[in-house]
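K.L.:
This is the structure I want to talk about, given as structure tokens.
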Amino acid sequence: MQFPVEDIDADELARREALFGPLADTVRELIDVTIRSEADEDTILEAAQRIRDVTKRLNDRRCEGGFGVRFTEHGHMMTWGNAVSGLRNAIAPPLVVEQAADGGMCSDFTLGAAYEGPPGLVHGGVCALVLDQVCGMAASTAKPNLTGTLSLRYRRPTPLGPVRARARIDRIEGVKTFVVGELYDADGNVTVSAEGVFILPAWARGR
Ligand SMILES: CCCCC/C=C\C/C=C\C/C=C\C/C=C\CCCC(=O)SCCNC(=O)CCNC(=O)[C@H](O)C(C)(C)COP(=O)(O)OP(=O)(O)OC[C@H]1O[C@@H](n2cnc3c(N)ncnc32)[C@H](O)[C@@H]1OP(=O)(O)O
């Protein structure tokens, strides 16, 4: 696993955030309206062609593979391709995850039409995606890790709209960090609870 360091200062970091964040926001809106638009056929056909054209231009120069996890020389971590919180990832809701008063992690976000499973409800796999990230971030306050096991209990449906995720470390046993987490609906009901085992991999021990 590589973690490239980019030779950029705080101003350049801010410039890139201000450039790529709004691009991803725009594409996120595009995803939503692609699902929900009731425009006429000519408009849809024209939109598809214009999107193909701009995609071709953006493709002229691009990195190989995924964005990865990169650092600035001052140690700022850029997880911009992350599927849940990536600044440049239009399929990420995106989550902004913050430290909670209890020392765990917390995030308030909105899941719209792009995250639907059953009608009007968040897809169960999306609930797992979000909880993996927030539980993983809670675990990584103790040590770097990968998800070993994530167990979920879907207690009640999660409606599309405002959602809260929380996670905190339950206990640490050697290389294993045990985390518990929950999703909440807009009324504050727990919809999904999670238990995760996050593991410092053998190859990373002592590094
Ligand atoms: C160091 C890596 C850091 C990578 C960080 C990356 C980026 C940093 C960026 C942001 C960080 C911020 C937050 C994190 C955010 C999001 C979280 C998303 C996380 C993911 O999206 S991550 C992708 C999905 N994840 C995988 O792709 C893992 C595939 N898998 C493996 O890479 C190995 O399978 C591994 C490492 C799991 C274990 O391998 P290993 O060789 O290190 O383990 P080993 O045999 O030494 O066992 C040691 C002890 O763990 C027990 N144990 C073993 N496996 C277990 C399991 N699965 N469940 C429960 N317990 C298990 C044993 O029973 C023993 O327990 P005991 O010590 O008690 O005997």
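Letters A, B, ... mark the chains of the structure tokens in the order given; residue numbers begin at 1 per chain; ligand numbers begin at 1, in order shown.
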With a distance cut-off of 12 Å and only C-alpha atoms, select the neighbouring residues of Ala204 in chain A, excluding the residue or stretch itself and same-chain residues fewer than 2 positions from it, and output the selection as a PyMOL selection string.

P.N.:
chain A and resi 1-2+143-146+175+199-202+206-207

K.L.:
Could those residues be written to a file, using N, CA and C atoms, as a PDB file, in the first residue's frame?

P.N.:
```
ATOM      1  N   MET A   1       0.849  -1.191   0.000  1.00  0.00           N
ATOM      2  CA  MET A   1       0.000   0.000   0.000  1.00  0.00           C
ATOM      3  C   MET A   1       0.884   1.240   0.000  1.00  0.00           C
ATOM      4  N   GLN A   2       0.695   2.123  -1.002  1.00  0.00           N
ATOM      5  CA  GLN A   2       1.524   3.325  -1.136  1.00  0.00           C
ATOM      6  C   GLN A   2       0.747   4.553  -0.664  1.00  0.00           C
ATOM      7  N   LYS A 143      -5.361   3.352  16.067  1.00  0.00           N
ATOM      8  CA  LYS A 143      -4.253   2.882  15.233  1.00  0.00           C
ATOM      9  C   LYS A 143      -4.763   2.669  13.811  1.00  0.00           C
ATOM     10  N   PRO A 144      -3.851   2.656  12.819  1.00  0.00           N
ATOM     11  CA  PRO A 144      -4.307   2.403  11.448  1.00  0.00           C
ATOM     12  C   PRO A 144      -4.832   0.973  11.318  1.00  0.00           C
ATOM     13  N   ASN A 145      -5.791   0.768  10.469  1.00  0.00           N
ATOM     14  CA  ASN A 145      -6.423  -0.557  10.419  1.00  0.00           C
ATOM     15  C   ASN A 145      -7.183  -0.760   9.125  1.00  0.00           C
ATOM     16  N   LEU A 146      -7.555  -2.010   8.897  1.00  0.00           N
ATOM     17  CA  LEU A 146      -8.512  -2.367   7.842  1.00  0.00           C
ATOM     18  C   LEU A 146      -9.703  -3.041   8.525  1.00  0.00           C
ATOM     19  N   VAL A 175      -4.011  -6.144  18.342  1.00  0.00           N
ATOM     20  CA  VAL A 175      -4.115  -5.506  17.019  1.00  0.00           C
ATOM     21  C   VAL A 175      -5.560  -5.265  16.599  1.00  0.00           C
ATOM     22  N   ILE A 199      -8.602  -4.175  12.180  1.00  0.00           N
ATOM     23  CA  ILE A 199      -7.347  -4.879  12.477  1.00  0.00           C
ATOM     24  C   ILE A 199      -6.148  -4.161  11.874  1.00  0.00           C
ATOM     25  N   LEU A 200      -5.145  -3.970  12.704  1.00  0.00           N
ATOM     26  CA  LEU A 200      -3.842  -3.495  12.200  1.00  0.00           C
ATOM     27  C   LEU A 200      -3.203  -4.692  11.490  1.00  0.00           C
ATOM     28  N   PRO A 201      -3.082  -4.631  10.150  1.00  0.00           N
ATOM     29  CA  PRO A 201      -2.637  -5.822   9.408  1.00  0.00           C
ATOM     30  C   PRO A 201      -1.214  -6.236   9.778  1.00  0.00           C
ATOM     31  N   ALA A 202      -0.942  -7.520   9.633  1.00  0.00           N
ATOM     32  CA  ALA A 202       0.385  -8.055   9.977  1.00  0.00           C
ATOM     33  C   ALA A 202       1.487  -7.278   9.264  1.00  0.00           C
ATOM     34  N   GLY A 206       4.686  -2.726  13.422  1.00  0.00           N
ATOM     35  CA  GLY A 206       6.092  -2.363  13.593  1.00  0.00           C
ATOM     36  C   GLY A 206       6.604  -1.399  12.555  1.00  0.00           C
ATOM     37  N   ARG A 207       5.706  -0.942  11.624  1.00  0.00           N
ATOM     38  CA  ARG A 207       6.159   0.022  10.611  1.00  0.00           C
ATOM     39  C   ARG A 207       6.031   1.431  11.143  1.00  0.00           C
TER      40      ARG A 207
END
```

K.L.:
Can you check which residues of range 3-171 of chain A DSSP gives as alpha helix (DSSP H) on the backbone and send them as number ranges by chain?

P.N.:
A: 10-36, 41-59, 124-139

K.L.:
Which residues come within 12 Å of Thr177 in chain A, counting only C-alpha atoms, excluding same-chain residues fewer than 3 positions away, as JSON, numbers by chain?

P.N.:
{"A": [135, 136, 137, 138, 139, 140, 141, 142, 143, 144, 145, 146, 147, 148, 149, 150, 168, 169, 170, 171, 172, 173, 174, 180, 195, 196, 197, 198, 199, 200, 201]}

K.L.:
Compile the contact shell of Leu160 in chain A as a list in words: residues with an atom at most 6 Å away, counting only C-alpha atoms, same-chain residues fewer than 2 positions apart removed.

P.N.:
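Residues meeting the cut-off are Leu111, Gly112, Gly120, Leu121 and Val122 of chain A.
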
K.L.:
Counting only C-alpha atoms and all ligand atoms, figure out which residue out of A:Val134, A:Leu95, A:Met105, A:Ala165 gets nearest to ligand 1.

P.N.:
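Using only C-alpha atoms and all ligand atoms, ligand 1 sits closest to A:Val134.
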
K.L.:
Provide the CA of Arg166 in chain A to CA of Glu182 in chain A distance in Å, to one decimal place.

P.N.:
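Separating CA of Arg166 in chain A from CA of Glu182 in chain A is a distance of 5.4 Å.
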
K.L.:
Find the spatial neighbours of Val126 in chain A, counting only C-alpha atoms, within a cut-off of 9 Å - ignore same-chain residues fewer than 4 positions away - and output them as a list in words.

P.N.:
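Everything that qualifies: Tyr115, Glu116, Gly117, Val122, Val130 and Leu131 of chain A.
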
K.L.:
Could the residues in this selection be written to a file with C-alpha atoms, as an mmCIF file, in the first residue's frame?

P.N.:
```cif
data_model
loop_
_atom_site.group_PDB
_atom_site.id
_atom_site.type_symbol
_atom_site.label_atom_id
_atom_site.label_comp_id
_atom_site.auth_asym_id
_atom_site.auth_seq_id
_atom_site.Cartn_x
_atom_site.Cartn_y
_atom_site.Cartn_z
ATOM 1 C CA TYR A 115 -28.904 5.988 -2.430
ATOM 2 C CA GLU A 116 -32.337 4.376 -2.700
ATOM 3 C CA GLY A 117 -33.042 0.689 -2.199
ATOM 4 C CA VAL A 122 -31.836 3.981 1.935
ATOM 5 C CA VAL A 130 -21.460 4.615 5.624
ATOM 6 C CA LEU A 131 -21.092 2.650 8.866
#
```

K.L.:
Excluding Pro162 in chain A and residues on its chain fewer than 2 positions from it, collect all residues at most 7 Å away from it, counting only C-alpha atoms, and give them as a ChimeraX atom specification.

P.N.:
/A:109-111,160,164,185-186

K.L.:
Deliver the residues from the most recent selection as a file, using C-alpha atoms, as a compact mmCIF listing (two decimals), in the first residue's frame.

P.N.:
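Output below, filename again33.txt:
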```txt
# COMPACT_ATOMS: atom_id res chain seq x y z
CA PHE A 109 -25.55 14.14 6.05
CA THR A 110 -28.33 13.74 3.53
CA LEU A 111 -28.95 10.67 1.40
CA LEU A 160 -34.05 8.94 2.38
CA ARG A 164 -26.84 10.76 11.34
CA ASP A 185 -33.21 8.74 11.08
CA ALA A 186 -34.38 12.36 11.17
```

K.L.:
Which neighbours of Asp25 in chain A fall inside 12 Å, counting only C-alpha atoms, when residues of the same chain fewer than 3 positions from it are skipped, and could you give them as number ranges by chain?

P.N.:
A: 17-22, 28-32, 86-94

K.L.:
Go ahead and save the residues from that selection, with C-alpha atoms, as a PDB file, in the first residue's frame.

P.N.:
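Wrote again_18.pdb, looks like this:
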```
ATOM      1  CA  GLU A  17     -10.102  21.943  -2.908  1.00  0.00           C
ATOM      2  CA  ALA A  18     -11.896  25.007  -4.305  1.00  0.00           C
ATOM      3  CA  LEU A  19     -11.457  23.681  -7.859  1.00  0.00           C
ATOM      4  CA  PHE A  20     -12.372  20.012  -7.499  1.00  0.00           C
ATOM      5  CA  GLY A  21     -14.964  20.184  -4.684  1.00  0.00           C
ATOM      6  CA  PRO A  22     -17.479  22.156  -6.771  1.00  0.00           C
ATOM      7  CA  ARG A  28     -23.522  14.807  -7.710  1.00  0.00           C
ATOM      8  CA  GLU A  29     -26.402  17.086  -8.744  1.00  0.00           C
ATOM      9  CA  LEU A  30     -26.179  15.571 -12.212  1.00  0.00           C
ATOM     10  CA  ILE A  31     -26.505  12.052 -10.781  1.00  0.00           C
ATOM     11  CA  ASP A  32     -29.573  13.121  -8.812  1.00  0.00           C
ATOM     12  CA  GLY A  86     -14.034  11.862  -0.963  1.00  0.00           C
ATOM     13  CA  LEU A  87     -13.913  15.541  -1.949  1.00  0.00           C
ATOM     14  CA  ARG A  88     -13.547  14.542  -5.614  1.00  0.00           C
ATOM     15  CA  ASN A  89     -15.923  11.584  -5.515  1.00  0.00           C
ATOM     16  CA  ALA A  90     -19.391  12.411  -6.833  1.00  0.00           C
ATOM     17  CA  ILE A  91     -20.846   9.117  -5.617  1.00  0.00           C
ATOM     18  CA  ALA A  92     -19.814   9.972  -2.043  1.00  0.00           C
ATOM     19  CA  PRO A  93     -22.739  11.691  -0.214  1.00  0.00           C
ATOM     20  CA  PRO A  94     -20.145  13.171   0.918  1.00  0.00           C
TER      21      PRO A  94
END
```

K.L.:
Interatomic distance between atom 3 (C, counted along the ligand's line) of ligand 1 and CA of Val97 in chain A?

P.N.:
17.8 Å

K.L.:
Work out how far apart CA of Asn59 in chain A and CA of Leu23 in chain A are and give it in Å to one decimal.

P.N.:
14.1 Å

K.L.:
Find the residue from A:Arg16, A:Arg50, A:Pro4, A:Tyr154 that sits nearest to ligand 1; use only C-alpha atoms and all ligand atoms when measuring.

P.N.:
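Of A:Arg16, A:Arg50, A:Pro4, A:Tyr154, the one nearest ligand 1, counting only C-alpha atoms and all ligand atoms, is A:Pro4.
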
K.L.:
Ranking A:Thr34, A:Ile44, A:Val27, A:Gly81 by minimum distance to Cys63 in chain A and counting only C-alpha atoms, which one comes first?

P.N.:
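Closest candidate: A:Gly81.
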